[in-house]
Each structure stands twice: as structure tokens, then as C-alpha cells.
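Visitor: Here you go, this is protein-v5.csv (CSV, C-alpha atoms and all ligand atoms).
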chain,number,residue,atom,x,y,z
A,1,MET,CA,73.3,109.5,92.8
A,2,ILE,CA,74.5,106.1,91.9
A,3,TYR,CA,76.5,104.7,94.9
A,4,LEU,CA,79.3,102.4,93.9
A,5,ASP,CA,81.5,102.9,97.0
A,6,ASN,CA,80.2,100.1,99.2
A,7,SER,CA,83.7,99.2,100.2
A,8,ALA,CA,84.0,102.6,101.9
A,9,THR,CA,80.7,102.1,103.7
A,10,THR,CA,77.1,100.8,103.2
A,11,ALA,CA,73.6,102.0,103.9
A,12,VAL,CA,72.3,100.5,107.2
A,13,ASP,CA,69.6,98.0,106.5
A,14,GLU,CA,66.2,99.0,107.8
A,15,ALA,CA,65.9,95.7,109.8
A,16,VAL,CA,69.2,96.7,111.5
A,17,VAL,CA,67.9,100.2,112.4
A,18,GLU,CA,64.7,98.6,113.8
A,19,ALA,CA,66.6,96.2,115.9
A,20,MET,CA,68.8,99.0,117.3
A,21,LEU,CA,66.1,101.5,118.2
A,22,PRO,CA,64.8,100.0,121.5
A,23,TRP,CA,68.3,99.9,122.8
A,24,LEU,CA,68.5,103.7,122.4
A,25,THR,CA,65.1,104.6,123.7
A,26,LYS,CA,63.7,102.1,126.1
A,27,ASN,CA,66.5,99.7,127.1
A,28,TYR,CA,69.2,102.3,127.5
A,29,GLY,CA,70.8,100.7,130.5
A,30,ASN,CA,74.6,100.3,131.0
A,31,ALA,CA,75.5,96.7,130.5
A,32,SER,CA,77.7,96.9,133.6
A,33,SER,CA,74.9,98.0,135.9
A,34,ILE,CA,73.4,95.4,138.3
A,35,TYR,CA,69.7,96.5,138.2
A,36,SER,CA,67.3,95.0,135.6
A,37,LEU,CA,67.8,97.7,132.9
A,38,GLY,CA,71.6,97.0,133.0
A,39,ARG,CA,71.1,93.2,133.1
A,40,ALA,CA,68.9,93.4,130.0
A,41,ALA,CA,71.7,95.2,128.2
A,42,ARG,CA,74.2,92.6,129.4
A,43,VAL,CA,72.0,89.8,128.0
A,44,ALA,CA,71.8,91.6,124.6
A,45,VAL,CA,75.6,92.1,124.5
A,46,GLU,CA,76.3,88.5,125.4
A,47,ASP,CA,73.8,87.2,122.9
A,48,ALA,CA,75.4,89.3,120.1
A,49,ARG,CA,78.8,88.1,121.2
A,50,ALA,CA,77.7,84.5,121.0
A,51,GLU,CA,76.1,84.9,117.6
A,52,ILE,CA,79.1,86.7,116.1
A,53,ALA,CA,81.4,84.1,117.6
A,54,HIS,CA,79.4,81.3,116.0
A,55,LEU,CA,79.5,83.0,112.6
A,56,LEU,CA,83.3,83.2,112.8
A,57,GLY,CA,83.6,79.6,114.2
A,58,ALA,CA,85.0,81.0,117.4
A,59,HIS,CA,84.1,80.7,121.1
A,60,PRO,CA,82.2,83.7,122.6
A,61,ALA,CA,85.0,84.3,125.1
A,62,GLU,CA,87.3,84.9,122.1
A,63,ILE,CA,85.3,87.9,120.8
A,64,PHE,CA,85.8,91.5,122.1
A,65,PHE,CA,83.8,94.4,120.8
A,66,THR,CA,85.7,97.5,119.6
A,67,SER,CA,84.8,100.7,117.7
A,68,GLY,CA,85.6,99.0,114.4
A,69,GLY,CA,88.3,97.7,112.2
A,70,THR,CA,90.8,100.5,112.9
A,71,GLU,CA,90.6,100.0,116.6
A,72,SER,CA,90.8,96.2,116.3
A,73,ASN,CA,93.9,96.4,114.1
A,74,ASN,CA,95.6,99.0,116.3
A,75,THR,CA,94.8,97.2,119.5
A,76,ILE,CA,96.0,93.8,118.3
A,77,ILE,CA,99.3,95.1,116.7
A,78,LYS,CA,100.2,97.4,119.5
A,79,SER,CA,99.3,95.1,122.3
A,80,VAL,CA,101.1,92.1,120.9
A,81,LEU,CA,104.2,94.1,120.4
A,82,HIS,CA,104.0,96.2,123.6
A,83,GLU,CA,101.4,95.7,126.4
A,84,SER,CA,101.4,91.9,126.0
A,85,ASP,CA,105.0,91.7,124.8
A,86,LEU,CA,104.4,88.6,122.8
A,87,ALA,CA,106.5,89.5,119.8
A,88,ASP,CA,109.7,91.3,118.9
A,89,ALA,CA,108.9,91.9,115.3
A,90,VAL,CA,105.8,92.5,113.1
A,91,CYS,CA,105.6,91.3,109.5
A,92,VAL,CA,103.0,92.8,107.1
A,93,SER,CA,102.1,92.7,103.5
A,94,PRO,CA,102.6,96.1,101.8
A,95,THR,CA,99.0,96.1,100.6
A,96,GLU,CA,97.5,96.2,104.1
A,97,HIS,CA,95.1,98.9,105.1
A,98,HIS,CA,96.7,102.0,106.7
A,99,ALA,CA,95.0,100.8,110.0
A,100,VAL,CA,97.5,98.0,109.9
A,101,LEU,CA,100.5,99.6,108.3
A,102,GLU,CA,100.6,102.7,110.5
A,103,PRO,CA,100.3,100.9,113.9
A,104,ALA,CA,102.9,98.4,112.6
A,105,HIS,CA,105.3,101.3,111.7
A,106,SER,CA,104.6,103.1,114.9
A,107,ALA,CA,105.0,100.0,117.0
A,108,VAL,CA,108.5,99.3,115.8
A,109,GLY,CA,111.6,100.8,117.4
A,110,GLY,CA,112.9,100.0,120.9
A,111,GLY,CA,114.3,96.7,119.6
A,112,LYS,CA,111.1,95.7,117.7
A,113,GLY,CA,111.5,95.0,114.0
A,114,LEU,CA,109.3,95.4,110.9
A,115,TYR,CA,109.4,93.2,107.8
A,116,VAL,CA,107.4,93.7,104.7
A,117,LEU,CA,106.5,90.6,102.6
A,118,PRO,CA,106.7,90.8,98.8
A,119,VAL,CA,103.5,90.6,96.7
A,120,ASP,CA,103.0,89.6,93.1
A,121,ALA,CA,101.4,91.7,90.3
A,122,ASP,CA,97.9,90.8,91.7
A,123,GLY,CA,98.9,91.9,95.2
A,124,ARG,CA,99.0,88.4,96.7
A,125,VAL,CA,101.7,87.7,99.2
A,126,THR,CA,104.6,85.5,98.1
A,127,VAL,CA,104.0,82.5,100.4
A,128,SER,CA,107.5,81.1,99.6
A,129,GLU,CA,109.0,84.1,101.4
A,130,VAL,CA,107.0,83.5,104.5
A,131,PRO,CA,109.1,80.7,106.1
A,132,ALA,CA,111.9,83.3,106.5
A,133,VAL,CA,109.9,85.1,109.1
A,134,ASN,CA,108.7,81.9,111.0
A,135,ARG,CA,109.9,82.7,114.4
A,136,ARG,CA,107.9,82.3,117.7
A,137,ARG,CA,108.1,86.0,118.7
A,138,THR,CA,106.8,87.4,115.4
A,139,LEU,CA,103.4,88.8,114.6
A,140,VAL,CA,102.4,88.4,110.9
A,141,SER,CA,99.5,90.5,109.7
A,142,VAL,CA,98.1,89.6,106.3
A,143,MET,CA,94.6,90.9,105.4
A,144,HIS,CA,91.9,88.5,104.3
A,145,ALA,CA,90.8,90.6,101.4
A,146,ASN,CA,92.1,93.8,100.0
A,147,ASN,CA,89.9,96.9,100.2
A,148,GLU,CA,91.1,98.5,97.0
A,149,THR,CA,91.3,95.5,94.6
A,150,GLY,CA,89.2,92.8,96.4
A,151,VAL,CA,92.0,90.3,96.1
A,152,VAL,CA,91.7,87.5,98.7
A,153,GLN,CA,95.0,86.6,100.4
A,154,PRO,CA,96.2,83.0,101.0
A,155,VAL,CA,96.0,83.5,104.7
A,156,TYR,CA,95.8,79.7,105.5
A,157,ASP,CA,98.9,79.1,103.3
A,158,VAL,CA,100.7,81.8,105.3
A,159,ARG,CA,99.8,79.9,108.4
A,160,GLN,CA,101.1,76.6,106.9
A,161,ALA,CA,104.3,78.3,105.9
A,162,ALA,CA,104.8,80.0,109.3
A,163,PRO,CA,103.3,77.7,112.0
A,164,ASP,CA,105.2,79.3,114.9
A,165,VAL,CA,104.2,83.0,114.5
A,166,TYR,CA,101.3,84.9,115.9
A,167,LEU,CA,99.0,85.4,112.9
A,168,HIS,CA,96.5,88.3,112.5
A,169,SER,CA,94.2,88.9,109.6
A,170,ASP,CA,92.2,92.1,108.9
A,171,ALA,CA,88.9,90.6,107.6
A,172,VAL,CA,87.0,93.9,107.5
A,173,GLN,CA,86.3,93.6,103.8
A,174,SER,CA,85.6,89.9,103.6
A,175,PHE,CA,83.4,89.3,106.7
A,176,GLY,CA,79.8,89.0,105.5
A,177,LYS,CA,80.8,88.7,101.8
A,178,ILE,CA,82.6,85.4,101.8
A,179,THR,CA,83.0,82.7,104.4
A,180,VAL,CA,85.3,83.8,107.3
A,181,LYS,CA,86.1,81.1,109.9
A,182,VAL,CA,89.0,81.6,112.2
A,183,ASP,CA,90.1,77.9,112.0
A,184,ASP,CA,89.9,77.8,108.2
A,185,LEU,CA,92.3,80.8,108.2
A,186,GLY,CA,94.5,79.5,111.0
A,187,VAL,CA,94.6,82.9,112.7
A,188,ASP,CA,95.2,83.9,116.3
A,189,PHE,CA,93.7,87.3,115.8
A,190,LEU,CA,91.1,88.7,113.4
A,191,SER,CA,89.5,92.1,112.9
A,192,VAL,CA,85.9,92.7,111.7
A,193,SER,CA,83.6,95.7,111.3
A,194,ALA,CA,79.9,96.3,110.9
A,195,HIS,CA,79.5,99.2,108.6
A,196,LYS,CA,80.8,97.4,105.5
A,197,ILE,CA,77.9,94.9,105.7
A,198,HIS,CA,74.9,97.3,106.2
A,199,GLY,CA,75.5,97.6,109.9
A,200,PRO,CA,76.2,100.8,111.9
A,201,LYS,CA,79.5,102.7,111.9
A,202,GLY,CA,81.6,102.7,115.0
A,203,ILE,CA,81.3,99.0,116.0
A,204,GLY,CA,83.4,96.0,115.2
A,205,ALA,CA,85.2,93.2,117.0
A,206,MET,CA,88.5,91.5,117.5
A,207,TYR,CA,89.0,87.8,117.8
A,208,ILE,CA,91.7,86.7,120.2
A,209,ARG,CA,92.4,83.0,120.3
A,210,LYS,CA,91.8,81.5,123.7
A,211,GLY,CA,94.9,80.9,125.8
A,212,ILE,CA,96.8,84.0,124.5
A,213,ASP,CA,97.9,86.2,127.3
A,214,PHE,CA,96.5,89.4,125.8
A,215,LYS,CA,96.7,92.6,127.7
A,216,ALA,CA,94.5,95.7,127.0
A,217,HIS,CA,95.9,98.5,124.9
A,218,GLN,CA,93.1,100.8,126.1
A,219,HIS,CA,92.7,101.3,129.9
A,220,GLY,CA,90.2,102.8,132.3
A,221,GLY,CA,87.4,100.2,132.6
A,222,ALA,CA,87.0,96.4,133.1
A,223,GLN,CA,84.6,96.0,130.2
A,224,GLU,CA,85.2,93.2,127.6
A,225,ARG,CA,86.9,91.1,130.3
A,226,ASN,CA,89.6,93.7,130.7
A,227,ARG,CA,90.6,93.6,127.1
A,228,ARG,CA,88.9,96.8,125.9
A,229,ALA,CA,87.9,99.6,128.3
A,230,GLY,CA,84.8,101.6,127.6
A,231,THR,CA,81.0,101.4,128.1
A,232,GLU,CA,79.6,98.9,125.5
A,233,PRO,CA,77.4,100.6,122.9
A,234,VAL,CA,74.5,98.2,123.2
A,235,HIS,CA,72.5,99.6,120.2
A,236,LEU,CA,75.6,99.3,117.9
A,237,ILE,CA,76.4,95.8,119.1
A,238,VAL,CA,72.8,94.7,118.4
A,239,GLY,CA,73.0,96.4,115.0
A,240,PHE,CA,76.2,94.6,114.3
A,241,GLN,CA,74.7,91.3,115.3
A,242,VAL,CA,71.7,91.7,113.1
A,243,ALA,CA,73.7,92.9,110.1
A,244,ALA,CA,76.1,89.9,110.5
A,245,ARG,CA,73.2,87.5,110.8
A,246,ARG,CA,71.5,88.8,107.7
A,247,ALA,CA,74.7,88.8,105.7
A,248,ALA,CA,75.4,85.2,106.7
A,249,ALA,CA,71.9,83.9,106.1
A,250,ASP,CA,71.9,85.5,102.6
A,251,LEU,CA,75.6,85.0,101.8
A,252,GLU,CA,75.3,83.0,98.6
A,253,HIS,CA,72.5,85.0,97.2
A,254,ARG,CA,74.2,88.3,97.9
A,255,ALA,CA,77.5,87.0,96.4
A,256,THR,CA,75.7,85.9,93.3
A,257,VAL,CA,74.1,89.3,92.8
A,258,MET,CA,77.3,91.2,93.4
A,259,MET,CA,79.4,88.9,91.2
A,260,GLU,CA,76.9,89.5,88.4
A,261,ARG,CA,77.1,93.3,88.9
A,262,THR,CA,80.9,93.3,88.9
A,263,ARG,CA,80.9,91.1,85.8
A,264,GLN,CA,78.7,93.6,84.1
A,265,LEU,CA,81.0,96.4,85.1
A,266,ARG,CA,84.0,94.5,83.9
A,267,GLU,CA,82.5,93.8,80.5
A,268,GLY,CA,80.9,97.2,80.1
A,269,ILE,CA,84.0,99.1,81.0
A,270,ALA,CA,86.2,97.0,78.7
A,271,ARG,CA,83.8,97.5,75.9
A,272,GLU,CA,83.3,101.3,76.3
A,273,ILE,CA,86.6,102.6,77.6
A,274,PRO,CA,89.9,101.8,75.7
A,275,ASN,CA,93.3,101.8,77.2
A,276,ILE,CA,92.5,100.6,80.7
A,277,ARG,CA,94.0,98.0,83.0
A,278,VAL,CA,91.7,96.0,85.3
A,279,ASN,CA,93.6,95.6,88.6
A,280,THR,CA,91.2,93.1,90.1
A,281,PRO,CA,91.9,89.6,88.8
A,282,GLU,CA,89.0,87.4,87.7
A,283,THR,CA,89.3,84.8,90.4
A,284,GLY,CA,90.3,84.6,94.0
A,285,VAL,CA,88.6,87.9,94.7
A,286,LEU,CA,85.7,89.3,96.7
A,287,PRO,CA,82.4,89.4,94.7
A,288,ASN,CA,81.9,93.2,95.1
A,289,ILE,CA,85.0,95.1,94.0
A,290,ILE,CA,86.5,96.0,90.7
A,291,ASN,CA,89.5,98.4,90.4
A,292,ILE,CA,90.6,99.9,87.1
A,293,SER,CA,93.5,102.1,86.1
A,294,PHE,CA,94.2,104.0,82.9
A,295,LEU,CA,97.2,103.2,80.7
A,296,ASP,CA,97.5,106.9,79.7
A,297,ALA,CA,97.2,107.8,83.4
A,298,GLU,CA,99.8,110.6,83.2
A,299,ARG,CA,97.2,112.5,81.0
A,300,LEU,CA,94.5,112.1,83.6
A,301,ASP,CA,94.1,113.7,87.0
A,302,GLY,CA,93.0,111.1,89.6
A,303,GLU,CA,91.2,113.5,91.9
A,304,GLY,CA,89.7,115.3,88.8
A,305,ILE,CA,88.1,111.9,87.7
A,306,LEU,CA,86.4,111.4,91.0
A,307,GLN,CA,85.1,115.0,91.1
A,308,ALA,CA,83.8,114.8,87.5
A,309,LEU,CA,82.1,111.5,88.3
A,310,ASP,CA,80.6,113.0,91.4
A,311,MET,CA,79.2,115.9,89.4
A,312,ALA,CA,77.8,113.4,86.9
A,313,GLY,CA,76.0,111.5,89.7
A,314,LEU,CA,78.4,108.6,90.3
A,315,ALA,CA,80.0,108.0,93.7
A,316,VAL,CA,83.2,105.9,93.5
A,317,SER,CA,86.6,106.1,95.1
A,318,ASN,CA,90.2,105.4,94.5
A,319,GLY,CA,92.8,104.1,96.9
A,320,SER,CA,95.0,107.1,96.9
A,321,ALA,CA,94.9,108.9,100.1
A,322,CYS,CA,94.8,112.7,100.4
A,323,VAL,CA,97.6,113.7,102.7
A,324,SER,CA,97.9,117.4,103.6
A,325,GLY,CA,95.8,118.5,100.6
A,326,SER,CA,97.9,116.6,98.1
A,327,GLN,CA,96.9,113.4,96.5
A,328,GLN,CA,99.1,110.4,97.2
A,329,PRO,CA,99.3,107.4,94.9
A,330,SER,CA,97.6,104.1,96.1
A,331,HIS,CA,100.2,102.2,98.1
A,332,VAL,CA,98.4,99.0,97.1
A,333,LEU,CA,98.8,99.6,93.3
A,334,LEU,CA,102.4,100.8,93.8
A,335,ALA,CA,103.2,97.5,95.6
A,336,MET,CA,101.7,95.6,92.7
A,337,GLY,CA,104.2,97.3,90.4
A,338,ARG,CA,101.9,99.9,88.8
A,339,SER,CA,103.4,103.3,87.8
A,340,LYS,CA,102.9,106.3,90.1
A,341,ALA,CA,100.5,107.8,87.5
A,342,GLU,CA,98.4,104.6,87.3
A,343,ALA,CA,98.4,104.4,91.1
A,344,LEU,CA,97.1,108.0,91.2
A,345,ALA,CA,94.4,107.7,88.6
A,346,ALA,CA,92.8,104.4,89.6
A,347,VAL,CA,89.1,104.0,90.2
A,348,ARG,CA,87.5,101.5,92.6
A,349,LEU,CA,83.9,100.5,92.0
A,350,SER,CA,82.3,98.5,94.8
A,351,VAL,CA,78.7,97.2,94.6
A,352,SER,CA,76.2,96.0,97.2
A,353,TYR,CA,73.6,93.3,97.0
A,354,THR,CA,71.1,96.1,96.5
A,355,THR,CA,72.9,97.6,93.4
A,356,THR,CA,70.7,97.2,90.4
A,357,GLN,CA,71.5,96.3,86.8
A,358,GLU,CA,70.2,99.8,85.7
A,359,GLU,CA,72.6,101.5,88.1
A,360,ILE,CA,75.5,99.5,86.6
A,361,PHE,CA,74.6,100.4,83.0
A,362,SER,CA,74.2,104.1,83.9
A,363,ALA,CA,77.5,104.0,85.8
A,364,ILE,CA,79.3,102.6,82.8
A,365,THR,CA,77.9,105.3,80.6
A,366,ILE,CA,78.9,108.1,83.1
A,367,LEU,CA,82.4,106.7,83.5
A,368,ALA,CA,82.9,106.3,79.7
A,369,ASP,CA,81.7,109.9,79.1
A,370,VAL,CA,83.8,111.4,81.8
A,371,ILE,CA,87.0,109.6,80.7
A,372,ARG,CA,86.4,110.4,77.0
A,373,GLU,CA,86.0,114.1,77.9
A,374,MET,CA,89.1,114.2,80.1
A,375,ARG,CA,91.1,112.5,77.4
A,376,GLY,CA,90.0,115.3,75.1
A,401,LIG,N1,90.6,97.5,107.3
A,401,LIG,C1,90.1,97.5,106.0
A,401,LIG,C2,90.6,96.4,105.1
A,401,LIG,C3,89.2,98.4,105.6
A,401,LIG,O1,88.7,98.4,104.4
A,401,LIG,C4,88.8,99.4,106.6
A,401,LIG,C5,87.8,100.4,106.2
A,401,LIG,O2,87.9,101.1,105.3
A,401,LIG,C6,89.3,99.3,107.9
A,401,LIG,C7,90.2,98.4,108.2
A,401,LIG,C8,88.8,100.3,109.0
A,401,LIG,O3,87.6,99.8,109.5
A,401,LIG,P1,86.7,100.8,110.3
A,401,LIG,O4,86.1,101.8,109.3
A,401,LIG,O5,85.6,99.9,110.9
A,401,LIG,O6,87.5,101.5,111.4
What would the structure in this file look like if it were written as C-alpha cells?

Guide:
Amino acid sequence: MIYLDNSATTAVDEAVVEAMLPWLTKNYGNASSIYSLGRAARVAVEDARAEIAHLLGAHPAEIFFTSGGTESNNTIIKSVLHESDLADAVCVSPTEHHAVLEPAHSAVGGGKGLYVLPVDADGRVTVSEVPAVNRRRTLVSVMHANNETGVVQPVYDVRQAAPDVYLHSDAVQSFGKITVKVDDLGVDFLSVSAHKIHGPKGIGAMYIRKGIDFKAHQHGGAQERNRRAGTEPVHLIVGFQVAARRAAADLEHRATVMMERTRQLREGIAREIPNIRVNTPETGVLPNIINISFLDAERLDGEGILQALDMAGLAVSNGSACVSGSQQPSHVLLAMGRSKAEALAAVRLSVSYTTTQEEIFSAITILADVIREMRG
């Protein structure tokens, strides 16, 4: 199986597994317990917090562990609008992950409003429209990099255009792949996750800028300084720390390898498969994602493409969600102005720093064969 779905999740690095194991077997204490087993766990959690904070250019007191990107996004949006009551409106780009869009939709009502910023054909927010939402009690949520196309959003320009708002960015796809520093982005809130960077699933963090009166969305424990209730999963937190450390230490090398692989994919696909559109622009994107759609998409079945590729030994994905058994077109590609057929039949290929050149060449052949066959 050739795995080109690293934006969905990644294999956990062996060094990460090794670092996690003692916290499952020997040092299994609860970080809130006062005896030595608990205190050792507390030290590990605080050490991880300090390192992840440092990587993000934040203060340790601004980092709160969660179960991942979904929980961080939900907590920030719902708390800012409700528990903390810091905003009367939420403003999102239409290409956000569902873990931003759905909480934003569900948080409105009862006097709270929702605004959707326009995007261009590459999916980048139209910064000139941002000043219109620059009000003190507004939460703007613009992702750092898109999970379907890899497009990097001009988050800092959004901040410049809307200095008064609360600004959140979902950096789940960018963290560990490109530099992510909270001050460079100008954000008040940020969401990150471990399993996209060869860390374990079920762990992530939220950054909450110091001084913001943020109230928990989840209740029932005083952990994470009352911002997120629940016993800290020490092994996952340590795994996240080691994965983040390794990604940061090797950032440039990994990015170079991944850029070379996506360049090979881009060239090979363009050479072997006629009638396609590359939805990932060549610049201002993550190094690891390339998204393509087919200009004769109405003749192709999006789900069928993925199934045929799977049978041929290639794991990729598309952005279209399967809702109640029926395939829905990608909301990202629709927002970029693509047709419903193109938004249904798109393919996202996402590489890792471990992906080999041979895997890329085989993947191009498999994809070309499958599409040729389906076109008849
Ligand atoms: N945000 C983005 C941009 C993502 O790509 C994902 C994962 O697919 C998430 C949020 C959800 O993160 P997690 O799987 O850690 O809950």
C-alpha cells in the first residue's frame, strides 16, 4: 500500500512511541496526585507544555492540552461566544475545516451573528473585505493552512486589517510543516494537533493569549488551570512533545523532501493524465499537499476513484464528506468556484518526509491507469 494521505493522519515515529511507553507502564501516575508518581507526571506535562510553548513562540501559561484540533476549535469558538462571552459574532472563511464551521454555525443564534469572508479562486481570504468585520466583540477564525489544498492563508494580513477583533487560527495542518509563531500570525487563539506530525492521535493544544478572560467550555475538573477539565493523558502529551520537537528540529529538511515529492507528483500527473486542474497553487502553500480535479468530472464518480485507487494499492482522499451514505462535494472547492462535479471528483495526495521517490512514481502510474480506465 502506498500511503499518500498524510494530511488525514501520519504514522507515529518510533522515537515518539519509545518516549511514550514509560508513561503508560512505569510512570502511570495522575498528574494531579501529590505523591511522587503523580509529581513525576506533573513534571513531564509541564516540561511538554514549556517546549510546545517555546516552539510556538508562546508562554507556557498560554498553552492548554486538549484531545486535538477538533476539541481546540470547538472550545475556542464556543467559549468565546458563550462561556466567556467575549464576542457577539463569529466570522469565518468558507474553506475552514468542519471543526471550525460547525461550531461556528452552532454557536450563532440568541443574538450572535455569523459572517463568511469571501475567498478567491485559490481559496485565499479576500483581505480587503476584512475591515468590514473589524469590531471589538467579533471572533474571526481563519485557518493557517487548508487541509484539502495546502493553501496558506494571509493570517497576519487579516490581523492588520482587523486589529480590534479576537483572532483564531486553526494551525492543525501547518504546525510542524512550516514555521508557526503566534506573534508572526498576530493571533489570540491557535489550535494544533499531534497526529498530523507523526505524533499520537487524541492529543493537541490550544493557545490562548495571556490576559484574555477565557472560561472553560468543558467542566468537571480543575486541570489545565481550569480551562479544560479531564485527567491529562501524560503519554500522549509526551508523544506530542517529542513529535513536535522532531518536526521543528528537522523542519527545513522535511520541507525540502516533501516539496520535491509534491513537485514530482505535479509534473508526473500533468504529464500522464490529460484534462485535469491542479487546485493547489505553486506558491504560498504547504510543502506536502497537492489537490487535483478532473475537467470531465461529471463522467467520473468521486467515491469510485478512491475505491479503485484503494484496490490498486494507493491510499489518498478527497475533501468531500460522506454524509448519511451519500457523497457531498468538497465545500472548499465549491467556495473556490469549482463546479459541483469537480468538487465531488477531486483527489488530495499528501506526502510525508518518509515518502520515497519510488512511491511517487508508482502512485502516478496507478492514478493514471485508474483514471484512464474510468474514462473508458
Ligand atoms: N483542523 C484541520 C485543518 C484539520 O485538518 C483537522 C484534521 O483533519 C482538524 C482540524 C481536526 O484535528 P483532530 O483530528 O486533531 O481533531

Visitor: A:Phe65, A:Tyr207, A:Phe175, A:Phe294: which is nearest Ala243 of chain A, counting only C-alpha atoms?

Guide: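 Closest candidate: A:Phe175.
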
Visitor: At a cut-off of 10 Å and counting all atoms listed in the file, what residues surround ligand LIG 401 (chain A)? Please answer as a PyMOL selection string.

Guide: chain A and resi 6-9+66-74+95-100+143-148+150+169-174+191-196+200-205

Visitor: Write the selection just made, keeping C-alpha atoms, as a tab-separated table (two decimals), in the coordinates of the input?

Guide:
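Output (result.tsv):
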chain	number	residue	atom	x	y	z
A	6	ASN	CA	80.20	100.10	99.20
A	7	SER	CA	83.70	99.20	100.20
A	8	ALA	CA	84.00	102.60	101.90
A	9	THR	CA	80.70	102.10	103.70
A	66	THR	CA	85.70	97.50	119.60
A	67	SER	CA	84.80	100.70	117.70
A	68	GLY	CA	85.60	99.00	114.40
A	69	GLY	CA	88.30	97.70	112.20
A	70	THR	CA	90.80	100.50	112.90
A	71	GLU	CA	90.60	100.00	116.60
A	72	SER	CA	90.80	96.20	116.30
A	73	ASN	CA	93.90	96.40	114.10
A	74	ASN	CA	95.60	99.00	116.30
A	95	THR	CA	99.00	96.10	100.60
A	96	GLU	CA	97.50	96.20	104.10
A	97	HIS	CA	95.10	98.90	105.10
A	98	HIS	CA	96.70	102.00	106.70
A	99	ALA	CA	95.00	100.80	110.00
A	100	VAL	CA	97.50	98.00	109.90
A	143	MET	CA	94.60	90.90	105.40
A	144	HIS	CA	91.90	88.50	104.30
A	145	ALA	CA	90.80	90.60	101.40
A	146	ASN	CA	92.10	93.80	100.00
A	147	ASN	CA	89.90	96.90	100.20
A	148	GLU	CA	91.10	98.50	97.00
A	150	GLY	CA	89.20	92.80	96.40
A	169	SER	CA	94.20	88.90	109.60
A	170	ASP	CA	92.20	92.10	108.90
A	171	ALA	CA	88.90	90.60	107.60
A	172	VAL	CA	87.00	93.90	107.50
A	173	GLN	CA	86.30	93.60	103.80
A	174	SER	CA	85.60	89.90	103.60
A	191	SER	CA	89.50	92.10	112.90
A	192	VAL	CA	85.90	92.70	111.70
A	193	SER	CA	83.60	95.70	111.30
A	194	ALA	CA	79.90	96.30	110.90
A	195	HIS	CA	79.50	99.20	108.60
A	196	LYS	CA	80.80	97.40	105.50
A	200	PRO	CA	76.20	100.80	111.90
A	201	LYS	CA	79.50	102.70	111.90
A	202	GLY	CA	81.60	102.70	115.00
A	203	ILE	CA	81.30	99.00	116.00
A	204	GLY	CA	83.40	96.00	115.20
A	205	ALA	CA	85.20	93.20	117.00

Visitor: For a cut-off of 12 Å around (81.7, 81.4, 124.5), file coordinates, pick out all residues using all atoms listed in the file and list them as JSON, numbers by chain.

Guide: {"A": [46, 47, 48, 49, 50, 51, 52, 53, 54, 56, 57, 58, 59, 60, 61, 62, 63, 64, 207, 209, 210]}

Visitor: Measuring between all atoms listed in the file, which one of A:Ser141, A:Thr126, A:Gln264, A:Asn134 shows the shortest distance to Glu359 of chain A?

Guide: A:Gln264

Visitor: Interatomic distance between atom CA of Ala87 of chain A and atom CA of Thr138 of chain A?

Guide: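 So the answer is 4.9 Å.
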
Visitor: Applying 10 Å and all atoms listed in the file, which residues near Ala297 of chain A remain after dropping the ones on its own chain fewer than 3 positions away? List them as a list in words.

Guide: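 Here the answer would be Asn275, Ile276, Ser293, Phe294, Leu300, Asp301, Gly302, Ser339, Lys340, Ala341, Glu342, Ala343, Leu344, Ala345, Ala346 and Arg375 of chain A.
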
Visitor: For a quick check of understanding, using only C-alpha atoms, which of A:Gly199, A:Ala248, A:Tyr353, A:Arg124 has the smallest distance to Lys181 of chain A?

Guide: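 Closest to Lys181 of chain A, using only C-alpha atoms: A:Ala248.
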
Visitor: (77.8, 99.7, 125.9) in this file's frame - what residues fall within 8 Å of it? Use all atoms listed in the file and give the answer as a count of residues only.

Guide: 10

Visitor: Please identify all polymer residues within 8 Å of Ile178 of chain A, counting all atoms listed in the file, omitting same-chain residues fewer than 4 positions from it, and present them as a short mmCIF file (atom, residue, chain, number, x, y, z; two decimals) with C-alpha atoms, keeping the file's coordinate frame.

Guide:
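Result file is selection19.cif:
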data_model
loop_
_atom_site.label_atom_id
_atom_site.label_comp_id
_atom_site.auth_asym_id
_atom_site.auth_seq_id
_atom_site.Cartn_x
_atom_site.Cartn_y
_atom_site.Cartn_z
CA SER A 174 85.60 89.90 103.60
CA LEU A 251 75.60 85.00 101.80
CA ALA A 255 77.50 87.00 96.40
CA LEU A 286 85.70 89.30 96.70
#

Visitor: Please compute the atom CA of Ser317 of chain A-atom CA of Ile289 of chain A distance, one decimal, in Å.

Guide: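 Pair atom CA of Ser317 of chain A / atom CA of Ile289 of chain A returns 11.2 Å.
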
Visitor: Which distance in Å separates atom CA of Tyr3 of chain A and atom CA of Thr355 of chain A, to one decimal?

Guide: 8.1 Å
